[in-house]
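Q: Got a structure for you, written out below as structure tokens; questions coming shortly.
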Amino acid sequence: MEPLWTTRIRGATAIDVDPRHLVTAERLAAGGWPGVFGRPAPLVVELGFGNGQSLAEMAAARPGCNFVGIEVFGKGIVKLTRRLEREGIGNVRVIQGDALAALGKLFAPGVVDELHVNFPDPWPKRRHHKRRMVAPPFVDLVFRQVRPGGVVHLATDFTCYAFQMRTVFEAHPGFANGAGPHRFRYHVPGRIRTKYERKFAAQGATIRYLTYLRAAR
Ligand SMILES: C[S@@+](CC[C@H](N)C(=O)[O-])C[C@H]1O[C@@H](n2cnc3c(N)ncnc32)[C@H](O)[C@@H]1O
């Protein structure tokens, strides 16, 4: 089985990515996430960041935080890391792999301060709904890995997936909807938009946002 952490990006050549942007088992084992970044700081994680547009912009806007992106798409990782180099953004690290597996294995319970899931694949066919990321096992995992008082941000343009996200998070006693029970938000002031978000917004799609606060215990 391939390790979850790697300096070789699948879908690109190893030379495309500077290993300093990538999480290595050695650095993680040596000092945990503060060791990976060379400093302790609030840890923000984005799952399925695509081309990393919003991840890079969030990291640049919040230099006091450590950002980790988990993505399977090699070309997106290369695009993000090139941008980090071009713009001198030093507070992002990348894992190529499955988001759930990586979140479960590479993070100790309660170390994540903030989690972002933006426009996860909607799997529109009914028989594929079981492949959706935001489902009850995901919520249990997020409850373990996000610290008490931490925050989860979700966004989708896909109406039925938005309702599924809301249903599974509100069914969990460890999360409270930041906008009030069962409420979506349709506009989030100051939000940095992802590539897909910009595309969907330009097409006039309705985008739903959810923020869940992880209970103190
Ligand atoms: C619809 S795109 C959205 C990309 C980005 N979040 C945005 O809003 O522009 C979904 C992304 O999730 C990634 N993805 C899907 N399943 C994943 C998984 N299990 N682990 C990590 N990334 C995943 C895909 O490769 C793709 O880049």
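In the structure tokens, chains take the letters A, B, ... in the order shown, each chain's residues start at 1, and ligands count up from 1 in the order shown.
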Neighbouring residues of ligand 1 are defined here as those with any atom at most 10 Å from a ligand atom, counting only C-alpha atoms and all ligand atoms; list them as a compact mmCIF listing (two decimals) with N, CA and C atoms, in the first residue's frame.
A:
# COMPACT_ATOMS: atom_id res chain seq x y z
N GLU A 46 -7.95 22.19 4.53
CA GLU A 46 -8.94 22.18 3.44
C GLU A 46 -8.89 20.83 2.74
N LEU A 47 -10.05 20.21 2.59
CA LEU A 47 -10.15 18.90 1.93
C LEU A 47 -10.60 19.10 0.49
N GLY A 48 -9.88 18.51 -0.46
CA GLY A 48 -10.27 18.61 -1.87
C GLY A 48 -10.18 20.04 -2.38
N PHE A 49 -8.97 20.61 -2.31
CA PHE A 49 -8.82 22.05 -2.62
C PHE A 49 -8.79 22.37 -4.11
N GLY A 50 -8.82 21.34 -4.97
CA GLY A 50 -8.84 21.60 -6.42
C GLY A 50 -7.53 22.21 -6.88
N ASN A 51 -7.57 23.42 -7.45
CA ASN A 51 -6.32 24.05 -7.89
C ASN A 51 -5.72 24.92 -6.78
N GLY A 52 -6.36 24.96 -5.63
CA GLY A 52 -5.77 25.64 -4.47
C GLY A 52 -5.91 27.15 -4.47
N GLN A 53 -6.76 27.67 -5.36
CA GLN A 53 -6.90 29.13 -5.45
C GLN A 53 -7.26 29.76 -4.10
N SER A 54 -8.31 29.23 -3.47
CA SER A 54 -8.75 29.85 -2.21
C SER A 54 -7.79 29.50 -1.07
N LEU A 55 -7.17 28.32 -1.14
CA LEU A 55 -6.22 27.93 -0.08
C LEU A 55 -5.03 28.90 -0.07
N GLY A 69 -3.51 21.38 2.98
CA GLY A 69 -4.47 21.01 1.95
C GLY A 69 -4.32 19.53 1.62
N ILE A 70 -5.45 18.85 1.47
CA ILE A 70 -5.42 17.43 1.11
C ILE A 70 -6.20 17.27 -0.20
N GLU A 71 -5.53 16.69 -1.20
CA GLU A 71 -6.14 16.63 -2.53
C GLU A 71 -5.58 15.40 -3.25
N VAL A 72 -6.43 14.80 -4.09
CA VAL A 72 -5.95 13.66 -4.89
C VAL A 72 -5.43 14.08 -6.26
N PHE A 73 -5.82 15.24 -6.73
CA PHE A 73 -5.59 15.68 -8.10
C PHE A 73 -4.19 16.29 -8.24
N GLY A 74 -3.28 15.51 -8.91
CA GLY A 74 -1.88 15.90 -8.99
C GLY A 74 -1.66 17.26 -9.63
N LYS A 75 -2.37 17.54 -10.72
CA LYS A 75 -2.15 18.82 -11.42
C LYS A 75 -2.56 20.00 -10.54
N GLY A 76 -3.60 19.80 -9.73
CA GLY A 76 -4.01 20.86 -8.80
C GLY A 76 -2.93 21.13 -7.77
N ILE A 77 -2.28 20.08 -7.32
CA ILE A 77 -1.21 20.23 -6.33
C ILE A 77 -0.04 21.00 -6.94
N ILE A 95 -0.84 17.45 1.23
CA ILE A 95 -0.83 15.98 1.26
C ILE A 95 -1.57 15.52 0.01
N GLN A 96 -0.94 14.63 -0.77
CA GLN A 96 -1.69 14.02 -1.87
C GLN A 96 -2.26 12.70 -1.37
N GLY A 97 -3.57 12.61 -1.35
CA GLY A 97 -4.19 11.37 -0.90
C GLY A 97 -5.66 11.57 -0.63
N ASP A 98 -6.27 10.51 -0.16
CA ASP A 98 -7.69 10.55 0.16
C ASP A 98 -7.91 11.38 1.43
N ALA A 99 -8.83 12.32 1.33
CA ALA A 99 -9.01 13.28 2.42
C ALA A 99 -9.41 12.61 3.73
N LEU A 100 -10.31 11.65 3.66
CA LEU A 100 -10.78 11.02 4.90
C LEU A 100 -9.67 10.18 5.55
N ALA A 101 -8.96 9.42 4.70
CA ALA A 101 -7.88 8.58 5.24
C ALA A 101 -6.81 9.47 5.88
N ALA A 102 -6.44 10.54 5.18
CA ALA A 102 -5.39 11.42 5.69
C ALA A 102 -5.84 12.13 6.96
N LEU A 103 -7.08 12.61 6.96
CA LEU A 103 -7.58 13.31 8.15
C LEU A 103 -7.60 12.37 9.35
N HIS A 116 -12.22 23.15 6.15
CA HIS A 116 -12.99 23.66 5.00
C HIS A 116 -13.25 22.54 4.00
N VAL A 117 -14.50 22.44 3.57
CA VAL A 117 -14.86 21.51 2.48
C VAL A 117 -15.66 22.33 1.47
N ASN A 118 -15.04 22.64 0.35
CA ASN A 118 -15.67 23.51 -0.64
C ASN A 118 -16.05 22.74 -1.90
N PHE A 119 -17.31 22.73 -2.21
CA PHE A 119 -17.80 22.14 -3.45
C PHE A 119 -17.28 20.72 -3.66
N PRO A 120 -17.49 19.86 -2.65
CA PRO A 120 -17.07 18.46 -2.83
C PRO A 120 -17.86 17.83 -3.99
N ASP A 121 -17.27 16.82 -4.61
CA ASP A 121 -17.93 16.17 -5.76
C ASP A 121 -19.36 15.78 -5.36
N PRO A 122 -20.37 16.20 -6.15
CA PRO A 122 -21.76 16.01 -5.72
C PRO A 122 -22.33 14.62 -5.97
N TRP A 123 -21.69 13.84 -6.84
CA TRP A 123 -22.20 12.50 -7.16
C TRP A 123 -23.72 12.57 -7.35
N ARG A 131 -21.14 7.67 -2.33
CA ARG A 131 -19.73 8.11 -2.49
C ARG A 131 -19.50 9.51 -1.95
N ARG A 132 -20.56 10.22 -1.61
CA ARG A 132 -20.38 11.60 -1.14
C ARG A 132 -19.54 11.63 0.14
N MET A 133 -18.67 12.63 0.19
CA MET A 133 -17.77 12.75 1.34
C MET A 133 -18.52 13.12 2.62
N LEU A 154 -18.55 24.59 5.18
CA LEU A 154 -18.94 23.77 4.02
C LEU A 154 -19.60 24.68 3.00
N ALA A 155 -19.42 24.36 1.72
CA ALA A 155 -20.09 25.13 0.67
C ALA A 155 -20.41 24.21 -0.49
N THR A 156 -21.58 24.41 -1.08
CA THR A 156 -21.93 23.65 -2.29
C THR A 156 -22.98 24.41 -3.10
N ASP A 157 -22.97 24.16 -4.40
CA ASP A 157 -24.01 24.71 -5.29
C ASP A 157 -25.08 23.66 -5.54
N ARG A 193 -13.25 33.23 -2.32
CA ARG A 193 -13.97 32.26 -3.13
C ARG A 193 -13.04 31.30 -3.87
N THR A 194 -13.51 30.07 -4.00
CA THR A 194 -12.73 29.04 -4.71
C THR A 194 -12.94 29.19 -6.21
N LYS A 195 -12.17 28.40 -6.95
CA LYS A 195 -12.31 28.42 -8.42
C LYS A 195 -13.74 28.02 -8.83
N TYR A 196 -14.23 26.92 -8.25
CA TYR A 196 -15.57 26.45 -8.61
C TYR A 196 -16.62 27.46 -8.19
N GLU A 197 -16.41 28.05 -7.05
CA GLU A 197 -17.38 29.02 -6.54
C GLU A 197 -17.52 30.21 -7.50
N ARG A 198 -16.38 30.67 -8.01
CA ARG A 198 -16.41 31.80 -8.95
C ARG A 198 -17.15 31.40 -10.21
N LYS A 199 -16.89 30.17 -10.67
CA LYS A 199 -17.54 29.68 -11.89
C LYS A 199 -19.05 29.55 -11.68
N PHE A 200 -19.44 28.92 -10.58
CA PHE A 200 -20.87 28.71 -10.33
C PHE A 200 -21.59 30.04 -10.11
Q: Give the alpha helix (DSSP H) residues of chain A, as assigned by DSSP on the backbone, as an MDAnalysis selection string.
A: chainID A and resid 25:37 53:61 74:87 99:105 136:145 159:170 195:202
Q: Apply DSSP to the backbone of this structure and, from stretch 61-197 of chain A, keep only the residues in strand (DSSP E); write these as number ranges by chain.
A: A: 66-71, 92-96, 112-118, 146-156, 175-177
Q: Mind checking which residues fall within 12 Å of stretch 203-211 of chain A, counting only C-alpha atoms, ignoring those fewer than 2 positions away in the same chain, and posting them as a PyMOL selection string?
A: chain A and resi 114-119+150-170+175-189+191+193-194+196-201+213-214
Q: Restrict the selected residues to N, CA and C atoms and save them as a compact mmCIF listing (two decimals), in the first residue's frame.
A:
# COMPACT_ATOMS: atom_id res chain seq x y z
N GLU A 114 -9.71 24.49 12.30
CA GLU A 114 -10.69 24.95 11.31
C GLU A 114 -10.62 24.01 10.12
N LEU A 115 -11.78 23.59 9.63
CA LEU A 115 -11.82 22.66 8.50
C LEU A 115 -12.69 23.24 7.40
N HIS A 116 -12.22 23.15 6.15
CA HIS A 116 -12.99 23.66 5.00
C HIS A 116 -13.25 22.54 4.00
N VAL A 117 -14.50 22.44 3.57
CA VAL A 117 -14.86 21.51 2.48
C VAL A 117 -15.66 22.33 1.47
N ASN A 118 -15.04 22.64 0.35
CA ASN A 118 -15.67 23.51 -0.64
C ASN A 118 -16.05 22.74 -1.90
N PHE A 119 -17.31 22.73 -2.21
CA PHE A 119 -17.80 22.14 -3.45
C PHE A 119 -17.28 20.72 -3.66
N GLY A 150 -13.73 24.41 17.77
CA GLY A 150 -13.27 24.61 16.39
C GLY A 150 -14.44 24.77 15.43
N VAL A 151 -14.11 25.06 14.17
CA VAL A 151 -15.14 25.43 13.20
C VAL A 151 -15.00 24.60 11.91
N VAL A 152 -16.16 24.25 11.34
CA VAL A 152 -16.20 23.53 10.06
C VAL A 152 -16.97 24.39 9.06
N HIS A 153 -16.37 24.65 7.90
CA HIS A 153 -17.03 25.44 6.86
C HIS A 153 -17.32 24.54 5.66
N LEU A 154 -18.55 24.59 5.18
CA LEU A 154 -18.94 23.77 4.02
C LEU A 154 -19.60 24.68 3.00
N ALA A 155 -19.42 24.36 1.72
CA ALA A 155 -20.09 25.13 0.67
C ALA A 155 -20.41 24.21 -0.49
N THR A 156 -21.58 24.41 -1.08
CA THR A 156 -21.93 23.65 -2.29
C THR A 156 -22.98 24.41 -3.10
N ASP A 157 -22.97 24.16 -4.40
CA ASP A 157 -24.01 24.71 -5.29
C ASP A 157 -25.08 23.66 -5.54
N PHE A 158 -24.86 22.46 -5.04
CA PHE A 158 -25.72 21.32 -5.37
C PHE A 158 -26.79 21.18 -4.29
N THR A 159 -28.03 21.54 -4.62
CA THR A 159 -29.07 21.70 -3.60
C THR A 159 -29.25 20.44 -2.74
N CYS A 160 -29.35 19.30 -3.39
CA CYS A 160 -29.65 18.11 -2.59
C CYS A 160 -28.47 17.72 -1.71
N TYR A 161 -27.25 18.04 -2.15
CA TYR A 161 -26.08 17.77 -1.30
C TYR A 161 -26.06 18.76 -0.12
N ALA A 162 -26.47 20.00 -0.37
CA ALA A 162 -26.53 20.99 0.72
C ALA A 162 -27.47 20.49 1.83
N PHE A 163 -28.60 19.94 1.42
CA PHE A 163 -29.55 19.41 2.40
C PHE A 163 -28.97 18.20 3.13
N GLN A 164 -28.24 17.38 2.39
CA GLN A 164 -27.60 16.22 3.05
C GLN A 164 -26.56 16.68 4.07
N MET A 165 -25.75 17.68 3.69
CA MET A 165 -24.74 18.21 4.62
C MET A 165 -25.40 18.70 5.90
N ARG A 166 -26.45 19.48 5.71
CA ARG A 166 -27.16 20.05 6.85
C ARG A 166 -27.76 18.94 7.73
N THR A 167 -28.37 17.96 7.10
CA THR A 167 -29.01 16.87 7.85
C THR A 167 -27.99 16.11 8.69
N VAL A 168 -26.85 15.75 8.08
CA VAL A 168 -25.90 14.91 8.82
C VAL A 168 -25.20 15.68 9.94
N PHE A 169 -24.92 16.96 9.71
CA PHE A 169 -24.28 17.74 10.79
C PHE A 169 -25.28 18.04 11.90
N GLU A 170 -26.53 18.33 11.55
CA GLU A 170 -27.49 18.69 12.61
C GLU A 170 -27.93 17.46 13.40
N PHE A 175 -22.27 19.25 17.14
CA PHE A 175 -22.11 20.42 16.27
C PHE A 175 -23.32 21.34 16.35
N ALA A 176 -23.06 22.64 16.32
CA ALA A 176 -24.15 23.62 16.29
C ALA A 176 -23.99 24.48 15.05
N ASN A 177 -25.09 24.72 14.36
CA ASN A 177 -25.10 25.55 13.16
C ASN A 177 -24.85 27.01 13.55
N GLY A 178 -23.80 27.60 13.00
CA GLY A 178 -23.42 28.97 13.34
C GLY A 178 -24.44 30.02 12.93
N ALA A 179 -25.34 29.65 11.99
CA ALA A 179 -26.36 30.61 11.53
C ALA A 179 -27.69 30.38 12.22
N GLY A 180 -27.74 29.40 13.13
CA GLY A 180 -29.01 29.03 13.78
C GLY A 180 -29.47 27.70 13.20
N PRO A 181 -30.22 26.93 14.00
CA PRO A 181 -30.59 25.58 13.57
C PRO A 181 -31.23 25.55 12.19
N HIS A 182 -30.76 24.65 11.37
CA HIS A 182 -31.31 24.35 10.04
C HIS A 182 -31.16 25.50 9.04
N ARG A 183 -30.36 26.47 9.33
CA ARG A 183 -30.27 27.62 8.42
C ARG A 183 -29.05 27.52 7.50
N PHE A 184 -29.29 27.83 6.24
CA PHE A 184 -28.18 28.01 5.30
C PHE A 184 -27.82 29.49 5.28
N ARG A 185 -26.59 29.77 4.88
CA ARG A 185 -26.27 31.15 4.55
C ARG A 185 -26.06 31.22 3.03
N TYR A 186 -26.40 32.35 2.46
CA TYR A 186 -26.29 32.51 1.00
C TYR A 186 -25.22 33.54 0.64
N HIS A 187 -24.70 34.16 1.68
CA HIS A 187 -23.65 35.16 1.47
C HIS A 187 -22.78 35.17 2.73
N VAL A 188 -21.49 35.09 2.56
CA VAL A 188 -20.60 35.10 3.72
C VAL A 188 -19.64 36.27 3.54
N PRO A 189 -19.83 37.35 4.32
CA PRO A 189 -18.99 38.53 4.14
C PRO A 189 -17.50 38.18 4.30
N ARG A 191 -15.61 36.32 2.59
CA ARG A 191 -15.20 34.98 2.18
C ARG A 191 -14.28 35.04 0.94
N ARG A 193 -13.25 33.23 -2.32
CA ARG A 193 -13.97 32.26 -3.13
C ARG A 193 -13.04 31.30 -3.87
N THR A 194 -13.51 30.07 -4.00
CA THR A 194 -12.73 29.04 -4.71
C THR A 194 -12.94 29.19 -6.21
N TYR A 196 -14.23 26.92 -8.25
CA TYR A 196 -15.57 26.45 -8.61
C TYR A 196 -16.62 27.46 -8.19
N GLU A 197 -16.41 28.05 -7.05
CA GLU A 197 -17.38 29.02 -6.54
C GLU A 197 -17.52 30.21 -7.50
N ARG A 198 -16.38 30.67 -8.01
CA ARG A 198 -16.41 31.80 -8.95
C ARG A 198 -17.15 31.40 -10.21
N LYS A 199 -16.89 30.17 -10.67
CA LYS A 199 -17.54 29.68 -11.89
C LYS A 199 -19.05 29.55 -11.68
N PHE A 200 -19.44 28.92 -10.58
CA PHE A 200 -20.87 28.71 -10.33
C PHE A 200 -21.59 30.04 -10.11
N ALA A 201 -20.94 30.94 -9.40
CA ALA A 201 -21.56 32.25 -9.13
C ALA A 201 -21.77 32.99 -10.45
N LEU A 213 -20.09 24.79 14.51
CA LEU A 213 -19.17 24.98 15.62
C LEU A 213 -19.11 23.67 16.38
N ARG A 214 -17.90 23.20 16.62
CA ARG A 214 -17.72 21.94 17.31
C ARG A 214 -17.88 22.21 18.81
Q: Which residue, A:Ala171, A:Arg86, A:Ala108, A:Asp140, has the smallest gap to A:Leu28 when you use only C-alpha atoms?
A: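 With only C-alpha atoms as the atom set, the closest residue is A:Ala108.
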Q: Rounded to one decimal place, report the atom CA of A:Ala56-atom CA of A:Val94 distance in Å.
A: 11.3 Å
Q: Any idea what's packed within 10 Å of A:Glu85, counting only C-alpha atoms, ignoring anything in its chain fewer than 4 positions away? Could you give it as a compact mmCIF listing (two decimals) with C-alpha atoms, in the first residue's frame?
A:
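Produced file result28.txt, reproduced below:
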# COMPACT_ATOMS: atom_id res chain seq x y z
CA VAL A 17 6.94 19.97 -6.81
CA ASP A 18 9.38 21.32 -4.29
CA HIS A 21 5.59 22.11 0.34
CA LEU A 80 -0.93 25.34 -5.96
CA THR A 81 2.71 24.74 -5.09
CA ILE A 89 3.54 31.96 0.65
CA GLY A 90 5.25 29.81 3.27
Q: Could you tell me which of A:Ala30, A:Leu22, A:Met58, A:Val146 comes closest to A:Arg217 if we count only C-alpha atoms?
A: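 Answer, going by the shortest atom-to-atom distance: A:Val146.
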Q: Please list as a ChimeraX atom specification every residue within 12 Å of A:Val112, counting only C-alpha atoms and excluding residues in the same chain fewer than 4 positions away.
A: /A:33,41-46,65-68,103-104,106-108,116,141-152,214
